[in-house]
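Worksheet: the structure to be examined is printed underneath.
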Amino acid sequence: MSNEDANNVPLMFQAQIPDRGKIQYAGNVEPATKWINQWLNGCPPAPETVDKNIPIWKRPQVQPAVKLPEFGADVHTQKYQIRWRLITNSGQDEDVIRPVIGAKGLPFFPGSSMKGAFRRACLTDAERDRYCGGTEKTDRGEKRTVPGLLRFHGGYPDMASWKKRDRLVDVVHGQQPYQVMQSSASHTANVQISLYQPRFKFGISCTKPLSKTEWDKIWEIWERALGSGIGSRVSAGYGYVDKVNKDESITPIENCKRVIFSAILSGQGITSQLLNRTAEFRPNMFKAVLRGHTLRILAGITNEAVAKALTQKIWGGIDGGATVGNVGILFAVDDKDIQLGEHIYRQNGKGVSMPIYKLKIGRFDLLQVSEISTELRQFLRQLIRFSMLLGGFGKSWRRIHHKLFDRSFDVSYFKNDDKPMIGCHWEFLQESEKLWVLNNASGLSSVTQFLQETQASAIAWLQSEGYQPNGYVKNWRETWHPTNVQVWGRIAQDNGDSQAIQWFHGNYFDRQSIKNSELTGWAARRGFDSQVGRIWHRMYPRYVKDKAGNLIRLKNQYIELLTIFPDRSVETKQFLDFLNSQSNFNQLWGNK
């Protein structure tokens with residue numbers, strides 16, 4: 001085969017090596033997009049004729065009608081809607097996760113995977129043996145395999161809506177070493193290919209006739225399996241489904257027995273983007289933040305090896321071998337309760353659009369994957385409260401939402417319409433009042449007490465795992481230890497009363513500035529990579545008990561918090577001296 005002929009072979013069938021079929025190029029979506037377009041253009045019927053001189057990844061997006069598979073007349077079926085994304089790793093390529101693809105290029109969920117999930121969802125050995133098969137002893141005392149009654153035909157898309165070209169290239173961006181440990185650590189966005197909100201039809205048949213009552217029981221078992229999620233990365237929110245009823249209405253499928261606790265919350269900020277700049281609200285951001293804070297807190301009470309191992313025990317990982325974590329996440333939101341928009345600003349004379357979101361109400365669940373101890377349950381509760389107290393979730397979680405808290409600041413930062421959006425803001429709603437960090441009327445000692453309790457809960461879990469508090473990790477940038485972090489706070493009277501917001505963009509006192517310093521970090525610019533700062537800024541709503549003992553939120557009042565991981569620069573020392581002697585912030589945590 002000539003080189004020219006070889007280059008005409010679709011990427012799906014080329015070797016996953018540089019300059020051939022390799023699509024795993026960080027920051028470059030073109031090879032993966034080309035792979036997607038070749039895949040979809042190969043699905044029947046053939047797409048419309050286009051100019052072959054135009055590169056494939058630049059050709060008009062064609063959505064050909066696809067003849068979808070049909071199950072046999074003896075196969076019982078049911079339809080389900082994937083809430084967010086579904087990953088079914090084919091295992092065909094060494095460095096990229098991509099779907100299992102069947103005849104004529106259609107993705108499917110394998111019957112073998114379906115049977116495995118169904119088998120795990122059976123409540124008794126008798127159910128497992130009857131439906132999925134088992135073993136029995138012969139007259140000679142030997143064991144032999146006995147097939148089950150059911151045949152699992154897998155699942156196929158029942159609508160062509162799975163062919164969302166701008167959504168199929170998914171992204172995994174591990175930033176933990178870069179943000180928590182060392183700012184010089186490498187971090188790249190890796191490509192994976194997953195289906196975005198597809199609708200699947202699953203089929204099951206039986207070797208003999210069964211009653212309607214027993215078929216109802218079979219589908220009940222299958223939906224119990226679906227309640228735990230299907231496919232890969234379910235601990236990050238992938239693979240959860242809703243049932244599509246005959247009238248096309250939707251019924252959520254959830255395994256309530258797995259819920260450790262739920263949080264009802266609202267939020268707004270900057271939406272994540274895929275590599276092709278498509279905006280997407282991505283629920284896996286919750287796990288990313290909680291995992292990072294787990295590592296920070298554990299690094300403040302033990303050594304690096306134990307901190308990493310216990311973090312992986314909770315959330316899973318691949319260090320030292322693939323591990324399934326004890327805890328997963330699930331985020332549920334109705335489409336009507338989340339709005340996507342854009343923040344537009346001018347840069348170099350051109351308009352630039354940043355995608356933003358506003359979530360009215362959503363439910364975040366922590367899910368039990370395997371048995372967890374009472375100590376871990378308590379630590380997890382403190383962990384999500386800690387995450388909400390000092391920061392937020394998703395992009396720019398270290399900063400407050402500038403448009404929400406810029407009342408007096410509007411004349412400087414946004415006045416020329418030439419500044420990007422910064423920050424986010426999240427709140428627990430009244431339904432989750434038990435997760436509020438309360439503020440007493442006399443001061444901010446309740447914040448100090450909460451931070452102490454959070455560290456104490458981490459120590460209790462550490463000890464329950466057979467370890468004792470033993471020093472801390474001194475060479476990580478964001479270790480949660482009193483010698484490495486300081487928390488400062490004040491009470492703000494309304495959402496225009498943030499004092500620190502201006503300090504990030506100008507002088508804070510007598511021409512002294514922390515802008516673009518090691519403390520605040522900076523965005524990538526000519527000759528310099530981006531730098532994550534060492535300071536978090538939060539406006540946390542004030543929650544108190546009224547005279548009747550009811551928990552209430554004080555309208556438009558906030559606790560303004562600065563969390564600082566000091567470096568040794570002159571700018572940082574001067575700023576800390578200013579906070580201590582000339583500001584109305586009080587130190588709530590950490591050594592001076």
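Residues are named by chain letter and number: chains run A, B, ... in the order of the structure tokens, numbers start at 1 in each chain, and ligands are numbered from 1 in the order shown.
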May I have the residues within 9 Å of Asn495 of chain A as a count of residues only, using only C-alpha atoms and disregarding those fewer than 5 positions away in the same chain? 8
Contacts of Glu342 of chain A within 10 Å, only C-alpha atoms, excl. fewer than 5 positions in-chain, as a PyMOL selection string: chain A and resi 270-271+279+352-357+421
Per residue of segment 173-263 of chain A within 9 Å of segment 375-397 of chain A, note the shortest atom pair and the distance in Å to one decimal, counting only C-alpha atoms, and order the rows by chain and increasing residue number, as CSV.
```
residue,atom,partner,partner_atom,distance
A:Ile260,CA,A:Arg377,CA,7.3
A:Phe261,CA,A:Arg381,CA,7.9
A:Ala263,CA,A:Ile384,CA,8.9
```
Neighbours of segment 103-115 of chain A within 6 Å (only C-alpha atoms; same-chain residues fewer than 4 positions away dropped), as a list in words?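 Answer for this query is Cys43, Arg119, Phe152, His153, Gly154, Gly155 and Tyr156 of chain A.
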Please identify all polymer residues within 7 Å of Trp426 of chain A, counting only C-alpha atoms, omitting same-chain residues fewer than 4 positions from it, and present them as a list of chain:residue names.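 Here the qualifying residues turn out to be A:Ser266, A:Gly267, A:Gln268, A:Gly392.
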Would you give me, as a ChimeraX atom specification, the residues in segment 308-343 of chain A that DSSP reads as strand (DSSP E or B)? /A:317,323,327-332,338-343
With all heavy atoms kept, could you save the residues just selected as an mmCIF file, in the first residue's frame?
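Saved file out27.cif follows:
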```cif
data_model
loop_
_atom_site.group_PDB
_atom_site.id
_atom_site.type_symbol
_atom_site.label_atom_id
_atom_site.label_comp_id
_atom_site.auth_asym_id
_atom_site.auth_seq_id
_atom_site.Cartn_x
_atom_site.Cartn_y
_atom_site.Cartn_z
ATOM 1 N N GLY A 317 -8.877 6.034 41.667
ATOM 2 C CA GLY A 317 -7.731 6.567 40.940
ATOM 3 C C GLY A 317 -6.927 5.460 40.305
ATOM 4 O O GLY A 317 -7.309 4.282 40.331
ATOM 5 N N THR A 323 -8.076 1.782 41.110
ATOM 6 C CA THR A 323 -8.857 1.591 42.327
ATOM 7 C C THR A 323 -10.233 2.211 42.146
ATOM 8 O O THR A 323 -10.344 3.352 41.697
ATOM 9 C CB THR A 323 -8.170 2.252 43.543
ATOM 10 O OG1 THR A 323 -6.866 1.700 43.707
ATOM 11 C CG2 THR A 323 -8.970 2.027 44.811
ATOM 12 N N VAL A 327 -16.730 6.205 47.226
ATOM 13 C CA VAL A 327 -17.749 7.256 47.133
ATOM 14 C C VAL A 327 -17.820 7.783 45.701
ATOM 15 O O VAL A 327 -16.799 7.950 45.034
ATOM 16 C CB VAL A 327 -17.422 8.413 48.107
ATOM 17 C CG1 VAL A 327 -18.479 9.517 48.006
ATOM 18 C CG2 VAL A 327 -17.317 7.905 49.541
ATOM 19 N N GLY A 328 -19.042 8.027 45.239
ATOM 20 C CA GLY A 328 -19.255 8.646 43.941
ATOM 21 C C GLY A 328 -20.172 9.845 44.068
ATOM 22 O O GLY A 328 -20.644 10.178 45.164
ATOM 23 N N ILE A 329 -20.415 10.521 42.955
ATOM 24 C CA ILE A 329 -21.297 11.699 42.974
ATOM 25 C C ILE A 329 -22.374 11.556 41.912
ATOM 26 O O ILE A 329 -22.227 10.839 40.922
ATOM 27 C CB ILE A 329 -20.512 13.011 42.762
ATOM 28 C CG1 ILE A 329 -19.940 13.087 41.321
ATOM 29 C CG2 ILE A 329 -19.409 13.159 43.781
ATOM 30 C CD1 ILE A 329 -20.718 13.972 40.396
ATOM 31 N N LEU A 330 -23.468 12.241 42.143
ATOM 32 C CA LEU A 330 -24.544 12.339 41.165
ATOM 33 C C LEU A 330 -25.136 13.734 41.279
ATOM 34 O O LEU A 330 -25.383 14.214 42.388
ATOM 35 C CB LEU A 330 -25.623 11.283 41.427
ATOM 36 C CG LEU A 330 -26.878 11.330 40.541
ATOM 37 C CD1 LEU A 330 -26.520 11.129 39.078
ATOM 38 C CD2 LEU A 330 -27.896 10.286 40.974
ATOM 39 N N PHE A 331 -25.325 14.392 40.138
ATOM 40 C CA PHE A 331 -25.931 15.715 40.135
ATOM 41 C C PHE A 331 -27.166 15.688 39.252
ATOM 42 O O PHE A 331 -27.114 15.215 38.111
ATOM 43 C CB PHE A 331 -24.948 16.770 39.626
ATOM 44 C CG PHE A 331 -25.489 18.172 39.719
ATOM 45 C CD1 PHE A 331 -25.502 18.833 40.929
ATOM 46 C CD2 PHE A 331 -25.999 18.817 38.602
ATOM 47 C CE1 PHE A 331 -26.021 20.120 41.031
ATOM 48 C CE2 PHE A 331 -26.508 20.101 38.696
ATOM 49 C CZ PHE A 331 -26.525 20.748 39.917
ATOM 50 N N ALA A 332 -28.273 16.162 39.788
ATOM 51 C CA ALA A 332 -29.537 16.157 39.052
ATOM 52 C C ALA A 332 -30.078 17.580 38.948
ATOM 53 O O ALA A 332 -30.102 18.319 39.937
ATOM 54 C CB ALA A 332 -30.557 15.261 39.761
ATOM 55 N N ILE A 338 -31.702 25.578 34.833
ATOM 56 C CA ILE A 338 -30.348 26.037 34.533
ATOM 57 C C ILE A 338 -30.358 26.826 33.234
ATOM 58 O O ILE A 338 -30.942 26.399 32.231
ATOM 59 C CB ILE A 338 -29.349 24.864 34.455
ATOM 60 C CG1 ILE A 338 -27.924 25.385 34.292
ATOM 61 C CG2 ILE A 338 -29.707 23.867 33.376
ATOM 62 C CD1 ILE A 338 -26.859 24.356 34.540
ATOM 63 N N GLN A 339 -29.772 27.994 33.274
ATOM 64 C CA GLN A 339 -29.712 28.877 32.116
ATOM 65 C C GLN A 339 -28.255 29.043 31.692
ATOM 66 O O GLN A 339 -27.385 29.305 32.518
ATOM 67 C CB GLN A 339 -30.299 30.255 32.439
ATOM 68 C CG GLN A 339 -31.764 30.242 32.827
ATOM 69 C CD GLN A 339 -32.266 31.617 33.228
ATOM 70 O OE1 GLN A 339 -31.496 32.569 33.354
ATOM 71 N NE2 GLN A 339 -33.564 31.726 33.431
ATOM 72 N N LEU A 340 -28.009 28.880 30.405
ATOM 73 C CA LEU A 340 -26.683 29.124 29.846
ATOM 74 C C LEU A 340 -26.715 30.433 29.075
ATOM 75 O O LEU A 340 -27.671 30.731 28.369
ATOM 76 C CB LEU A 340 -26.258 27.979 28.934
ATOM 77 C CG LEU A 340 -26.126 26.597 29.589
ATOM 78 C CD1 LEU A 340 -25.685 25.565 28.553
ATOM 79 C CD2 LEU A 340 -25.147 26.627 30.747
ATOM 80 N N GLY A 341 -25.689 31.218 29.244
ATOM 81 C CA GLY A 341 -25.621 32.510 28.561
ATOM 82 C C GLY A 341 -24.182 32.819 28.186
ATOM 83 O O GLY A 341 -23.338 31.924 28.065
ATOM 84 N N GLU A 342 -23.891 34.104 28.001
ATOM 85 C CA GLU A 342 -22.528 34.486 27.637
ATOM 86 C C GLU A 342 -22.190 35.849 28.214
ATOM 87 O O GLU A 342 -23.056 36.704 28.406
ATOM 88 C CB GLU A 342 -22.353 34.485 26.118
ATOM 89 C CG GLU A 342 -23.294 35.424 25.369
ATOM 90 C CD GLU A 342 -23.091 35.357 23.863
ATOM 91 O OE1 GLU A 342 -22.139 34.704 23.421
ATOM 92 O OE2 GLU A 342 -23.888 35.983 23.140
ATOM 93 N N HIS A 343 -20.929 36.009 28.529
ATOM 94 C CA HIS A 343 -20.364 37.293 28.931
ATOM 95 C C HIS A 343 -19.482 37.747 27.779
ATOM 96 O O HIS A 343 -18.547 37.044 27.384
ATOM 97 C CB HIS A 343 -19.544 37.136 30.209
ATOM 98 C CG HIS A 343 -18.697 38.329 30.533
ATOM 99 N ND1 HIS A 343 -19.215 39.488 31.085
ATOM 100 C CD2 HIS A 343 -17.364 38.567 30.369
ATOM 101 C CE1 HIS A 343 -18.240 40.369 31.253
ATOM 102 N NE2 HIS A 343 -17.106 39.829 30.828
#
```
What does the distance between atom CA of Asn190 of chain A and atom CA of Asn89 of chain A come to in Å, to one decimal place? 14.8 Å
Can you work out the spacing between atom CA of Gly325 of chain A and atom CA of Pro252 of chain A in Å, to one decimal?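 Going from atom CA of Gly325 of chain A over to atom CA of Pro252 of chain A, I get 24.3 Å.
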